[in-house]
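Colleague: Pasting upload-v9.cif below, which is mmCIF, C-alpha atoms and all ligand atoms.
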```
data_protein
loop_
_atom_site.label_atom_id
_atom_site.label_comp_id
_atom_site.auth_asym_id
_atom_site.auth_seq_id
_atom_site.Cartn_x
_atom_site.Cartn_y
_atom_site.Cartn_z
CA MET A 1 -27.36 -24.11 -0.21
CA ARG A 2 -28.40 -20.62 -1.25
CA ASP A 3 -26.80 -17.48 0.12
CA VAL A 4 -28.99 -15.88 2.78
CA ILE A 5 -27.83 -12.38 1.82
CA PRO A 6 -26.62 -11.06 -1.54
CA ALA A 7 -22.94 -11.98 -2.04
CA PRO A 8 -20.72 -8.87 -1.70
CA ASP A 9 -19.16 -7.43 -4.83
CA VAL A 10 -15.46 -8.16 -5.25
CA PRO A 11 -13.51 -4.87 -5.45
CA ARG A 12 -11.72 -4.54 -8.78
CA VAL A 13 -8.80 -2.41 -9.99
CA PRO A 14 -8.52 -1.41 -13.67
CA VAL A 15 -5.54 -2.77 -15.58
CA ARG A 16 -3.62 -0.81 -18.22
CA GLY A 17 -4.40 -2.32 -21.61
CA GLY A 18 -7.75 -3.67 -20.49
CA GLY A 19 -9.43 -5.86 -17.93
CA THR A 20 -9.77 -5.61 -14.17
CA PHE A 21 -7.93 -7.17 -11.22
CA PRO A 22 -10.24 -8.62 -8.52
CA VAL A 23 -8.88 -7.88 -5.04
CA ARG A 24 -8.68 -10.59 -2.41
CA ARG A 25 -6.61 -9.17 0.47
CA ILE A 26 -4.51 -6.06 1.09
CA TYR A 27 -1.23 -6.44 2.96
CA CYS A 28 0.72 -3.35 3.99
CA VAL A 29 4.31 -2.84 5.11
CA GLY A 30 5.16 -0.33 7.84
CA ARG A 31 8.53 1.41 8.23
CA ASN A 32 10.08 0.33 4.93
CA PHE A 33 11.90 3.63 4.39
CA ALA A 34 14.37 4.71 7.07
CA ASP A 35 13.57 8.42 6.76
CA HIS A 36 9.85 7.75 7.31
CA ALA A 37 10.55 5.46 10.29
CA ARG A 38 12.57 8.29 11.82
CA GLU A 39 9.90 10.95 11.18
CA MET A 40 7.44 8.67 13.01
CA GLY A 41 9.79 8.48 15.98
CA ALA A 42 10.73 4.83 15.42
CA ALA A 43 14.23 3.41 15.29
CA ALA A 44 15.18 3.00 11.63
CA PRO A 45 16.26 -0.52 10.67
CA VAL A 46 18.98 0.61 8.29
CA SER A 47 21.08 -2.37 7.28
CA PRO A 48 20.23 -5.90 6.13
CA GLU A 49 22.13 -7.24 9.15
CA THR A 50 20.16 -5.24 11.72
CA ARG A 51 16.79 -4.77 10.03
CA GLY A 52 15.01 -7.64 11.77
CA THR A 53 11.57 -8.41 10.33
CA PRO A 54 9.14 -5.99 8.65
CA VAL A 55 6.03 -4.53 10.29
CA PHE A 56 2.89 -5.83 8.55
CA PHE A 57 -0.75 -4.83 8.84
CA MET A 58 -3.83 -5.26 6.65
CA LYS A 59 -6.70 -3.36 5.14
CA PRO A 60 -9.99 -4.94 4.02
CA ALA A 61 -10.21 -5.50 0.26
CA ASP A 62 -13.09 -3.05 -0.03
CA ALA A 63 -10.91 -0.22 1.31
CA ILE A 64 -9.95 0.11 -2.38
CA VAL A 65 -11.03 3.30 -4.13
CA THR A 66 -10.50 3.47 -7.89
CA GLY A 67 -12.50 6.57 -8.73
CA PRO A 68 -10.93 9.98 -8.73
CA ASP A 69 -13.03 11.04 -5.72
CA VAL A 70 -11.88 9.86 -2.28
CA PRO A 71 -14.17 10.67 0.66
CA TYR A 72 -12.50 12.16 3.76
CA ALA A 73 -12.52 9.52 6.51
CA SER A 74 -14.83 9.62 9.50
CA ALA A 75 -13.59 9.87 13.10
CA THR A 76 -10.33 11.70 12.34
CA HIS A 77 -9.01 15.25 12.20
CA ASP A 78 -5.62 14.17 10.85
CA LEU A 79 -6.00 12.05 7.70
CA HIS A 80 -2.48 11.46 6.34
CA HIS A 81 -1.25 10.49 2.90
CA GLU A 82 1.37 7.76 2.48
CA VAL A 83 2.33 7.21 -1.16
CA GLU A 84 3.34 3.60 -1.85
CA LEU A 85 4.29 1.15 -4.56
CA VAL A 86 1.60 -1.52 -4.82
CA VAL A 87 2.45 -5.03 -5.96
CA ALA A 88 -0.40 -7.15 -7.32
CA ILE A 89 -0.17 -10.93 -6.90
CA GLY A 90 -1.32 -12.87 -9.94
CA HIS A 91 -0.84 -16.49 -8.86
CA ASP A 92 -1.56 -18.58 -5.79
CA ALA A 93 1.71 -19.26 -3.99
CA PRO A 94 2.81 -22.85 -3.41
CA ALA A 95 2.66 -24.04 0.18
CA GLY A 96 5.57 -23.03 2.35
CA VAL A 97 8.07 -20.21 2.47
CA LEU A 98 8.96 -18.54 -0.85
CA SER A 99 12.58 -17.88 -1.70
CA THR A 100 13.33 -14.34 -2.82
CA ALA A 101 14.33 -15.83 -6.19
CA ASN A 102 10.91 -17.43 -6.70
CA ALA A 103 8.75 -14.80 -4.98
CA THR A 104 8.65 -12.37 -7.89
CA ASP A 105 7.24 -15.06 -10.21
CA LEU A 106 3.89 -14.47 -8.45
CA ILE A 107 3.67 -10.81 -9.47
CA PHE A 108 0.91 -9.79 -11.88
CA GLY A 109 1.82 -6.14 -11.98
CA TYR A 110 2.50 -2.85 -10.26
CA GLY A 111 0.52 0.23 -9.28
CA ILE A 112 0.56 3.29 -7.07
CA GLY A 113 -1.61 3.67 -4.01
CA LEU A 114 -2.15 5.82 -0.96
CA ASP A 115 -2.11 4.13 2.44
CA LEU A 116 -4.47 6.67 4.02
CA THR A 117 -3.99 6.81 7.77
CA ARG A 118 -5.97 8.28 10.67
CA ARG A 119 -2.75 9.59 12.23
CA ASP A 120 -4.46 10.89 15.37
CA LEU A 121 -6.00 7.48 16.09
CA GLN A 122 -2.71 5.73 15.25
CA ALA A 123 -0.79 7.95 17.69
CA ALA A 124 -3.34 7.21 20.43
CA ALA A 125 -3.14 3.47 19.73
CA LYS A 126 0.66 3.50 19.76
CA ALA A 127 0.69 5.39 23.09
CA LYS A 128 -1.47 2.68 24.64
CA GLY A 129 0.26 -0.24 22.93
CA LEU A 130 -2.99 -1.04 21.08
CA PRO A 131 -3.40 -2.39 17.52
CA TRP A 132 -3.43 -0.05 14.48
CA ASP A 133 -6.56 -1.43 12.82
CA ILE A 134 -8.85 1.60 13.21
CA ALA A 135 -6.02 3.89 12.08
CA LYS A 136 -5.31 1.92 8.92
CA GLY A 137 -8.05 -0.49 7.85
CA PHE A 138 -11.04 1.79 7.35
CA ASP A 139 -13.44 2.40 4.46
CA ALA A 140 -11.89 4.16 1.44
CA SER A 141 -8.41 4.01 2.99
CA ALA A 142 -6.72 2.59 -0.10
CA PRO A 143 -7.00 4.79 -3.23
CA ILE A 144 -5.17 3.09 -6.10
CA GLY A 145 -4.38 3.84 -9.74
CA GLU A 146 -4.54 1.40 -12.62
CA LEU A 147 -2.29 -1.64 -12.44
CA VAL A 148 0.49 -2.04 -14.98
CA PRO A 149 1.19 -5.65 -16.00
CA ALA A 150 4.70 -6.79 -15.04
CA GLY A 151 5.48 -7.56 -18.67
CA GLN A 152 5.30 -3.81 -19.39
CA VAL A 153 7.72 -2.91 -16.56
CA ASP A 154 11.51 -3.25 -16.53
CA ALA A 155 11.81 -4.69 -13.02
CA ALA A 156 15.57 -4.16 -12.98
CA SER A 157 15.00 -0.41 -13.29
CA LEU A 158 12.63 -0.16 -10.32
CA PRO A 159 15.26 0.72 -7.64
CA THR A 160 16.24 3.91 -9.47
CA ARG A 161 12.70 5.04 -10.21
CA LEU A 162 11.25 7.83 -8.08
CA LEU A 163 8.12 7.29 -6.02
CA SER A 164 6.45 10.65 -5.48
CA LEU A 165 3.32 12.43 -4.33
CA ALA A 166 2.32 15.99 -5.14
CA VAL A 167 -0.63 17.62 -3.33
CA ASN A 168 -2.16 20.65 -5.09
CA GLY A 169 0.94 20.76 -7.29
CA THR A 170 3.52 20.74 -4.48
CA VAL A 171 5.73 17.67 -4.03
CA ARG A 172 5.45 16.32 -0.49
CA GLN A 173 6.98 12.85 -0.74
CA GLN A 174 9.70 11.67 -3.09
CA ALA A 175 12.28 8.86 -2.95
CA PRO A 176 13.75 6.21 -5.21
CA LEU A 177 12.38 2.70 -4.64
CA GLY A 178 15.97 1.65 -3.95
CA ASP A 179 15.59 3.36 -0.56
CA MET A 180 13.23 0.61 0.58
CA ILE A 181 14.77 -1.36 3.46
CA TRP A 182 13.10 -4.55 2.20
CA ASN A 183 12.72 -4.77 -1.60
CA VAL A 184 9.75 -6.41 -3.30
CA ALA A 185 11.26 -9.92 -3.29
CA ASP A 186 12.26 -9.55 0.38
CA ILE A 187 8.74 -8.49 1.36
CA LEU A 188 7.03 -11.34 -0.52
CA HIS A 189 9.46 -13.79 1.11
CA GLU A 190 8.70 -12.36 4.57
CA LEU A 191 4.93 -12.38 3.93
CA SER A 192 5.09 -16.02 2.84
CA ARG A 193 6.42 -16.95 6.28
CA LEU A 194 3.15 -15.63 7.74
CA TYR A 195 0.49 -16.05 5.03
CA ARG A 196 0.01 -18.06 1.86
CA LEU A 197 -0.11 -15.43 -0.88
CA ARG A 198 -3.03 -15.73 -3.27
CA ALA A 199 -3.99 -14.42 -6.68
CA GLY A 200 -5.81 -11.16 -6.05
CA ASP A 201 -3.70 -10.07 -3.10
CA LEU A 202 -2.23 -6.57 -3.11
CA VAL A 203 0.84 -5.51 -1.16
CA PHE A 204 1.38 -1.84 -0.23
CA MET A 205 5.15 -1.60 0.10
CA GLY A 206 5.63 1.28 2.55
CA THR A 207 6.12 5.04 2.29
CA PRO A 208 9.04 7.48 2.30
CA ALA A 209 9.25 10.59 4.51
CA GLY A 210 6.98 13.58 4.09
CA VAL A 211 3.66 12.18 5.25
CA ALA A 212 1.21 14.95 6.12
CA ALA A 213 -2.46 15.82 6.45
CA LEU A 214 -4.99 15.99 3.64
CA VAL A 215 -8.16 18.10 3.69
CA PRO A 216 -11.28 18.03 1.51
CA GLY A 217 -10.55 19.68 -1.83
CA ASP A 218 -6.93 18.52 -1.99
CA VAL A 219 -5.83 17.13 -5.35
CA CYS A 220 -3.25 14.33 -5.25
CA ARG A 221 -0.96 13.20 -8.03
CA ALA A 222 1.07 10.12 -7.13
CA GLU A 223 3.57 8.59 -9.50
CA LEU A 224 6.09 5.85 -9.89
CA GLU A 225 8.31 7.61 -12.38
CA GLY A 226 7.61 6.38 -15.88
CA VAL A 227 5.56 3.39 -14.68
CA ALA A 228 2.33 4.12 -12.84
CA LEU A 229 0.12 7.03 -11.89
CA LEU A 230 -2.70 7.86 -9.48
CA ASN A 231 -4.77 11.03 -9.64
CA CYS A 232 -7.40 11.63 -6.97
CA ARG A 233 -9.26 14.33 -5.07
CA ILE A 234 -10.29 14.35 -1.43
CA THR A 235 -13.97 15.18 -0.99
CA SER A 236 -16.15 15.97 1.97
CA ALA A 237 -18.58 13.18 1.08
CA VAL A 238 -19.57 10.88 3.92
CA VAL A 239 -18.02 7.43 3.59
MN MN B 1 2.08 2.93 4.85
#
```
Can you present the structure in this file as structure tokens?
Modeller:
Amino acid sequence: MRDVIPAPDVPRVPVRGGGTFPVRRIYCVGRNFADHAREMGAAAPVSPETRGTPVFFMKPADAIVTGPDVPYASATHDLHHEVELVVAIGHDAPAGVLSTANATDLIFGYGIGLDLTRRDLQAAAKAKGLPWDIAKGFDASAPIGELVPAGQVDAASLPTRLLSLAVNGTVRQQAPLGDMIWNVADILHELSRLYRLRAGDLVFMGTPAGVAALVPGDVCRAELEGVALLNCRITSAVV
């Protein structure tokens, strides 16, 4: 049977050293840094014994933006940056729940992204006990830098590496990845209880404190120290 409309393009992320990574789904983790949970007014799950389960939400795959220009979102007056480690899944997971020991075998590589958030709409949704979708899963809400293959990254060093975001040259967010309440293996294990991970999936791992508003003209430089980089500029273009 023929398609009755043109098949949509698959969003793709450039890979360091060549090639592109086709994106299937985008999972995101909420409240993975205690200081950010507190700044959002949530109780911080601080210890492995009391942390419970992570907060997950999703963005559509075509929320990805790989160009340096990122259009300011519609329907918000409070577009916030959240700098995050992004984990790219390179293999389909086997059926069932992944152990933390096996989960990291699925990783293709790492990158840096911004989980852009319509904070005003999120606050309104939270106040009414409504879902976060319109605050999180909108067009151009996931700027991302090039992916770095896992073979080029010393995974054991990740906890001590700084995740940071500077806006117009001023650092706004900065924390070592070791501050994450759930590490990468923990998150992939928890996701596998809910979804079967697939090659092409991206996981945004959560943001440290310091989230704040962006305006058109702002220049962002996000970095995972010594590993991955994202440079982008917020524009007033209509999405
Ligand atoms: Mn986030």
Colleague: Counting only C-alpha atoms, which residue out of A:Ser99, A:Thr170, A:Thr50, A:Ser74 sits closest to A:Ser192?
Modeller: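 Going through A:Ser99, A:Thr170, A:Thr50, A:Ser74 one by one, the smallest distance to A:Ser192 is for A:Ser99.
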Colleague: Quote the spacing between atom CA of A:Leu147 and atom CA of A:His91 in Å to one decimal place.
Modeller: 15.3 Å
Colleague: If I take atom CA of A:Val171 and atom CA of A:Asp133, how far is one from the other in Å, to one decimal?
Modeller: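 Distance reported for this atom pair: 28.3 Å.
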Colleague: Take atom CA of A:Ser141 and atom CA of A:Ile181 and report the distance between them in Å, one decimal.
Modeller: 23.8 Å
Colleague: Would you list the residues that come within 10 Å of ligand MN 1 (chain B)? Count all atoms listed in the file and give the answer as a list in words.
Modeller: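 The distance check yields Cys28, Val29, Gly30, Arg31, Asn32, Phe33, His36, Phe56, Phe57, His80, His81, Glu82, Val83, Glu84, Leu85, Gly113, Leu114, Asp115, Leu116, Thr117, Lys136, Phe204, Met205, Gly206, Thr207, Pro208 and Val211 of chain A.
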Colleague: With all atoms listed in the file as the atoms that count, which of A:Ile112, A:Val148, A:Val238, A:Val184 lies nearest to A:Ser164?
Modeller: A:Ile112
Colleague: Neighbouring residues of A:Trp132 were defined as those with any atom within 12 Å, considering all atoms listed in the file; residues of the same chain fewer than 6 positions away were excluded. Please report them as JSON, numbers by chain.
Modeller: {"A": [28, 30, 55, 56, 57, 58, 59, 117, 118, 119, 120, 121, 122, 123, 124, 125, 126, 138]}
Colleague: Do you know which residues are at most 9 Å from A:Ala209 counting all atoms listed in the file, after dropping those on the same chain fewer than 3 positions away, and could you put them as a PDB file with C-alpha atoms, in the coordinates of the input?
Modeller:
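Listed below is the output, result_33.pdb:
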```
ATOM      1  CA  PHE A  33      11.900   3.630   4.390  1.00  0.00           C
ATOM      2  CA  ALA A  34      14.370   4.710   7.070  1.00  0.00           C
ATOM      3  CA  ASP A  35      13.570   8.420   6.760  1.00  0.00           C
ATOM      4  CA  HIS A  36       9.850   7.750   7.310  1.00  0.00           C
ATOM      5  CA  ALA A  37      10.550   5.460  10.290  1.00  0.00           C
ATOM      6  CA  ARG A  38      12.570   8.290  11.820  1.00  0.00           C
ATOM      7  CA  GLU A  39       9.900  10.950  11.180  1.00  0.00           C
ATOM      8  CA  MET A  40       7.440   8.670  13.010  1.00  0.00           C
ATOM      9  CA  GLU A  82       1.370   7.760   2.480  1.00  0.00           C
ATOM     10  CA  ARG A 172       5.450  16.320  -0.490  1.00  0.00           C
ATOM     11  CA  GLN A 173       6.980  12.850  -0.740  1.00  0.00           C
ATOM     12  CA  GLN A 174       9.700  11.670  -3.090  1.00  0.00           C
ATOM     13  CA  ALA A 175      12.280   8.860  -2.950  1.00  0.00           C
TER      14      ALA A 175
END
```
Colleague: Show me, as an MDAnalysis selection string, the residues that have an atom within 12 Å of A:Val15 when counting all atoms listed in the file, minus same-chain residues fewer than 6 positions from it.
Modeller: chainID A and resid 21:22 66 88 108:111 144:150 152 228:229
Colleague: Taking (8.0, -20.1, 1.2) in the file's own coordinates, collect the residues within 9 Å, counting only C-alpha atoms, and hand them back as a PyMOL selection string.
Modeller: chain A and resi 93-100+102-103+188-193+196
Colleague: How big is the axis-aligned box around all listed atoms of stretch 46-63 of chain A once 3 Å goes on each side, and where's its centre, in Å to one decimal, as AutoDock Vina command-line options?
Modeller:
```
--center_x 4.5 --center_y -3.9 --center_z 5.9 --size_x 41.2 --size_y 15.0 --size_z 17.8
```
Colleague: Taking (1.1, -8.0, 0.0) as a centre in this file's frame and 6 Å as the limit, can you find every polymer residue with an atom that close, using all atoms listed in the file, and give them as a compact mmCIF listing (two decimals) with C-alpha atoms, in the frame of the given file?
Modeller:
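Wrote it out as selection16.txt, contents follow:
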```
# COMPACT_ATOMS: atom_id res chain seq x y z
CA TYR A 27 -1.23 -6.44 2.96
CA LEU A 202 -2.23 -6.57 -3.11
CA VAL A 203 0.84 -5.51 -1.16
```
